[in-house]
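Here's the structure, in structure tokens; my notes come after.
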Amino acid sequence: MSAAHLSPASGVGVDRQRSRRRRSLRLTLEGWAFVGPATVLVLGLSIFPAIWSFFLSLQRWDGFSEPQNIGVGNYAYALKDADLAAAVTHTVLYTALFVPASILLGLLLAVALNRRIRFIGLYRTAIFVPFVASAAATGILTTYLFSPQFGLLNNILRRIGLPQQGWLEDPRQAMVVIAIMSLWGSAAFTTVIFLAALQDIPGELVEAARIDGATARQAFWHVTVPQLAPVAVFATIWQVIQALQLFDLVYTTTRGGPLNATQTVVYYLWNAAFRQTEFGYGSAVAWTLFLVTMLITVGVVLYSRRARIEAF
Amino acid sequence: MPRIPIHRRSTARVAAAVTTVGALVAALTGCSGGGGSTTLDTKADVTLTWWTGQADEAEKILEGLAGEYEKLHPNVKIDVSSGAPSTEDLLQKLSASFAGGNYPDVSYAFGSWASQLEASNRTLDITKQVADPDVDWKGFSGAARQTARPTGKKTIGFPAVVDNISLLYNTKLFDAAGIPYPTDRWTWDDFRAAAKKLTNESTDTYGYAYSVSGSEETTWQFWPHLWQNGGEVLSSDGKKAAFDSTAGVDALTLLRDMAIDDKSVYLDQTDTKFGQLFAGGHIGMITSGPWQLYDLKTAKTDYGVTVLPGTDGNHETVSGPDLWTLFDHKDANRAHWAYEFTKWLTDPAQDERWNVEYGNLPLRESETSSAAFQAQVKALPGLDVMAANSANAKHARPTVPAYNKLSEAIGDQISAVLQGQGTPESGLKAAAAKADAALEGNGP
């Protein structure tokens, strides 16, 4: 613990040393008393089940019969599971749609909000509200918007004489609609991060560039944007992790349909574990996803260090 | 320099959730198994835990009955609760409770879970007790009895709720289209022709509706078609899928032709919307069960009910019996009272006040002559037709442990074919291959 740091520097007398030791012990105990409950919670509710799920992933267990040890059998099956491969494709598609869009939209909104105009507090709040809304609420709201028969969007299309769309009920459009939905819900996150970063950039830099003859656009691209790079790397990694774990929106809207077109990796493993009661296989898929996410993160961190983008 | 706290929303979170519940239950309760009484003492105090799997009104009725039983038998206390937020979640809850050794004495269970529950070796076997003529075990439908005895070796509980699917039609839409109402002599050709006539794109009206969510709703609606054509779900030894047959192809081709060629079928991506659309007068006919009638009454829909259309005079339907499963706690007293209570609950006198009162079908056909049921038929017209239609449930839905996976395999393929992907032949073939792997115990 950091208790040692907290103990004040003192003289060399034996008594004082003893009292210092006692004091440091007290501080240590005090420290543990503060972090203890949280540590127990984290260990009990997060670390311990995670470790247990690893052992589960080496078994074939339906939750009722005796578990069977099958070594890496579940992992081997995952590698040749065509349905899982499809789920991976859907997740990658979603990530490719969602992450760049959320970064660009966040940057755009942040620049738009980073100025002194009237009611700026109101605008910032309006952007942030969807982020606070739960995914369940977002999901339910958007199923109403996108309902092919009774939804607002198809009504508008009908009014202006454009063809009706299937939206969430069309296998080709469903994933795009889900990406739009989550973009609406989480653009605020990247916006706030970019906004904070923008406000950290000293005004003199842009001013100096402008005095040197740069146009507003040049100043933005060559002065402001490079300053934002570390934050952009951080936001990208964060959004990728979020995207790879997409579950809640799918669960509240399409439940993996139509024709499994929106079945993501996490939805697939949830279905395997809880619908088909293959707890071992579900755990194996979860661990594989965890390792892949870890590799991607470490990879990006190493790359950004080498490229001297100091995001971490 | 901030570091991303990777573990915070760790990817293993869902997997963690898989085990959290079990871990907590195990940690908090310890193992409560064993330590029970080995000799029966019917006077001893006993506390039973009962998970009903019901909500709202149904839960209230059952709680009332439990209270009544406690009054009749003062030494028996019944801890009654829904058990889980939804009936579907009960399976997960049961699994976690087994891990923690703190499972109920009596629990509601979907029929499709029966063999899995039996495989846990934690169910009671009441085969001998129910042979008592006093129980009137034979009074239950064949499908229900078979589900309570999933592998034929043990009787793991009593039927809890029985149902079947019948043909419901919107009389207003039929009148508007000038078509005579469906009868109990209809063939699927009559059905198809009527559906086509009822369909009207300009008013968003469809002749029929079919769920393409790929869930059990998609699958079980297909079984009557298969059986009527002479097909079977499984081979006679139960080890191979048998639906990939001429009968299967004929059955799926009819649905495909209606959905793709006639465009007379509303393809529902959820399992619930078509019921609402039928109640709202946008769908001419649906095939559904007693649970639909209450909504139709609320929506004041003009409807009629008859048996499913037939193939060569065979009007077979499918039935989905659910169970009160009894669990073994190695305690003679608990086992005794769990059995006695469930027997009492499923007795016609009590069934009248639960299943019949709530608008479900009565558990035994003999109850259909009761005053209570006749009163319910007045309130929910067509309920009598559905009760009589139980006789058309000749096949029991398979209860093999791999049924969930078989159901998903064929459900996915039916959905694909009805939405124009693949042919009935290729779809059933792919589904059968997947189901075979699951039945053999290969795969995950």
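By convention here, the chains of the structure tokens are called A, B, ... in the order presented, each chain's residues are numbered starting at 1, and ligands are numbered starting at 1 in the order presented.
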What residues in chain A have any atom no more than 7 Å from chain B when counting only C-alpha atoms, and can you write them as a PDB file with C-alpha atoms, in the first residue's frame?
```
ATOM      1  CA  LEU A  45     -17.904  -9.971  -8.340  1.00  0.00           C
ATOM      2  CA  SER A  46     -15.368  -9.504 -11.104  1.00  0.00           C
ATOM      3  CA  PRO A  49     -16.021 -15.139 -11.569  1.00  0.00           C
ATOM      4  CA  ALA A  50     -13.670 -14.270 -14.420  1.00  0.00           C
ATOM      5  CA  SER A  53     -15.247 -18.815 -16.075  1.00  0.00           C
ATOM      6  CA  GLY A  63     -25.632 -26.300 -15.834  1.00  0.00           C
ATOM      7  CA  PHE A  64     -27.427 -29.463 -14.795  1.00  0.00           C
ATOM      8  CA  SER A  65     -25.484 -32.618 -15.605  1.00  0.00           C
ATOM      9  CA  ASN A  74     -14.342 -25.568 -26.638  1.00  0.00           C
ATOM     10  CA  TYR A  77     -14.694 -25.804 -31.696  1.00  0.00           C
ATOM     11  CA  GLU A 169     -36.314  -6.002 -40.179  1.00  0.00           C
ATOM     12  CA  GLN A 245     -18.733  -5.764 -26.650  1.00  0.00           C
ATOM     13  CA  GLY A 257     -32.221 -11.106 -36.041  1.00  0.00           C
ATOM     14  CA  PRO A 258     -33.281 -10.727 -38.796  1.00  0.00           C
ATOM     15  CA  LEU A 259     -31.689 -13.947 -40.011  1.00  0.00           C
ATOM     16  CA  PHE A 274     -27.988 -18.944 -21.426  1.00  0.00           C
ATOM     17  CA  GLN A 276     -28.519 -23.277 -25.174  1.00  0.00           C
ATOM     18  CA  GLU A 278     -23.574 -24.384 -22.959  1.00  0.00           C
ATOM     19  CA  TYR A 281     -18.571 -22.921 -24.641  1.00  0.00           C
ATOM     20  CA  GLY A 282     -19.968 -19.479 -23.783  1.00  0.00           C
ATOM     21  CA  SER A 283     -17.061 -18.936 -21.402  1.00  0.00           C
ATOM     22  CA  ALA A 286     -15.822 -14.830 -23.867  1.00  0.00           C
ATOM     23  CA  TRP A 287     -12.194 -15.555 -23.073  1.00  0.00           C
ATOM     24  CA  LEU A 289     -12.891 -12.179 -27.170  1.00  0.00           C
ATOM     25  CA  PHE A 290     -11.094 -10.913 -24.090  1.00  0.00           C
ATOM     26  CA  PHE A 312      -0.588   6.607 -22.645  1.00  0.00           C
TER      27      PHE A 312
END
```
Report as a list in words all protein, DNA and RNA residues lying within 7 Å of A:Leu246, evaluated on only C-alpha atoms, omitting residues in the same chain fewer than 4 positions from it.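 Non-adjacent residues within range: Gln242, Thr264 and Val266 of chain A.
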Please extract the residues of stretch 248-442 of chain B with a backbone DSSP assignment of strand (DSSP E or B) and present them as a list in words. Val265, Tyr266, Leu267, Asp268, Ile283, Met285, Ile286, Thr287, Ser288, Tyr303, Gly304, Val305, Thr306, Gly310, Thr311, Asn314, Ser319, Asp322, Leu323, Trp324, Thr325, Leu326, Phe327 and Arg364 of chain B
Extract, using only C-alpha atoms, all DNA, RNA and protein residues at most 10 Å from stretch 384-396 of chain B, discarding same-chain residues fewer than 6 positions from it, and format them as a count of residues only. 48
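Closest approach to B:Gly53 from the set B:Leu323, B:Ile260, B:Ile156, B:Ile283 is made by B:Leu323, with distances taken over only C-alpha atoms.
Around A:Val206, within 10 Å and counting only C-alpha atoms, the residues found are Asp212, Ala214, Ala216, Gln218, Ala219, Phe220, His222, Val223 and Thr224 of chain A, once anything fewer than 6 positions away on its own chain is removed.
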So which residues of stretch 107-253 of chain B fall under alpha helix (DSSP H) by DSSP, listed as a VMD selection string? chain B and resid 114 to 119 127 to 130 142 to 148 171 to 177 188 to 198 216 to 220 223 to 228 246 to 253
Which of these, A:Ser134, A:Thr236, A:Thr191, A:Thr125, has the shortest distance to A:Val301 once you count only C-alpha atoms?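 Selected residue with least distance to A:Val301: A:Thr236.
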Smallest atom-to-atom distance to A:Phe146: which of A:Val129, A:Leu122, A:Ala261, A:Val176, using only C-alpha atoms?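 Smallest separation from A:Phe146 among the options: A:Val176.
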Quote the spacing between atom CA of B:Asp322 and atom CA of B:Val161 in Å to one decimal place. 5.2 Å
Selection: 8 Å around A:Asp62, only C-alpha atoms, excl. self and same-chain fewer than 6 positions, as a JSON list (two decimals) with all heavy atoms, in the first residue's frame:
```
[["chain", "number", "residue", "atom", "x", "y", "z"],
["A", 277, "THR", "N", -27.73, -23.23, -22.88],
["A", 277, "THR", "CA", -27.08, -23.71, -21.65],
["A", 277, "THR", "C", -25.78, -24.47, -21.93],
["A", 277, "THR", "O", -25.56, -25.54, -21.42],
["A", 277, "THR", "CB", -28.02, -24.60, -20.80],
["A", 277, "THR", "OG1", -28.46, -25.70, -21.57],
["A", 277, "THR", "CG2", -29.20, -23.81, -20.29],
["A", 278, "GLU", "N", -24.93, -23.87, -22.77],
["A", 278, "GLU", "CA", -23.57, -24.38, -22.96],
["A", 278, "GLU", "C", -22.64, -23.41, -22.25],
["A", 278, "GLU", "O", -22.00, -22.57, -22.88],
["A", 278, "GLU", "CB", -23.22, -24.47, -24.45],
["A", 278, "GLU", "CG", -23.94, -25.57, -25.20],
["A", 278, "GLU", "CD", -23.53, -26.96, -24.75],
["A", 278, "GLU", "OE1", -22.60, -27.10, -23.93],
["A", 278, "GLU", "OE2", -24.15, -27.93, -25.23],
["A", 279, "PHE", "N", -22.59, -23.51, -20.93],
["A", 279, "PHE", "CA", -21.84, -22.52, -20.16],
["A", 279, "PHE", "C", -20.35, -22.59, -20.47],
["A", 279, "PHE", "O", -19.67, -21.58, -20.51],
["A", 279, "PHE", "CB", -22.09, -22.73, -18.67],
["A", 279, "PHE", "CG", -23.50, -22.42, -18.28],
["A", 279, "PHE", "CD1", -24.42, -23.43, -18.06],
["A", 279, "PHE", "CD2", -23.92, -21.10, -18.16],
["A", 279, "PHE", "CE1", -25.72, -23.14, -17.71],
["A", 279, "PHE", "CE2", -25.23, -20.81, -17.82],
["A", 279, "PHE", "CZ", -26.14, -21.83, -17.60],
["A", 280, "GLY", "N", -19.83, -23.80, -20.70],
["A", 280, "GLY", "CA", -18.42, -23.94, -21.01],
["A", 280, "GLY", "C", -18.06, -23.25, -22.31],
["A", 280, "GLY", "O", -17.10, -22.48, -22.38]]
```
Within 9 Å of B:Thr47, counting only C-alpha atoms, which residues qualify if same-chain residues fewer than 2 places away don't, as a PyMOL selection string? chain B and resi 45+49+75-79+334
Create the file for the chosen residues now, containing N, CA and C atoms and written as a short mmCIF file (atom, residue, chain, number, x, y, z; two decimals), in the first residue's frame.
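What landed in again-v7.cif:
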```cif
data_model
loop_
_atom_site.label_atom_id
_atom_site.label_comp_id
_atom_site.auth_asym_id
_atom_site.auth_seq_id
_atom_site.Cartn_x
_atom_site.Cartn_y
_atom_site.Cartn_z
N ASP B 45 -42.98 -30.36 11.17
CA ASP B 45 -43.04 -29.09 10.45
C ASP B 45 -42.16 -29.14 9.22
N THR B 49 -40.26 -24.71 -0.70
CA THR B 49 -40.03 -23.54 -1.54
C THR B 49 -40.65 -23.84 -2.90
N ASN B 75 -48.88 -27.78 9.59
CA ASN B 75 -47.43 -28.02 9.76
C ASN B 75 -46.65 -27.77 8.46
N VAL B 76 -47.35 -27.43 7.40
CA VAL B 76 -46.66 -27.18 6.13
C VAL B 76 -46.64 -25.68 5.86
N LYS B 77 -45.43 -25.16 5.60
CA LYS B 77 -45.32 -23.75 5.24
C LYS B 77 -44.79 -23.70 3.81
N ILE B 78 -45.39 -22.88 2.98
CA ILE B 78 -44.96 -22.82 1.59
C ILE B 78 -44.41 -21.43 1.29
N ASP B 79 -43.12 -21.40 0.95
CA ASP B 79 -42.49 -20.15 0.52
C ASP B 79 -42.74 -20.00 -0.96
N ARG B 334 -40.04 -33.48 3.21
CA ARG B 334 -40.19 -32.49 2.14
C ARG B 334 -40.69 -33.16 0.86
#
```
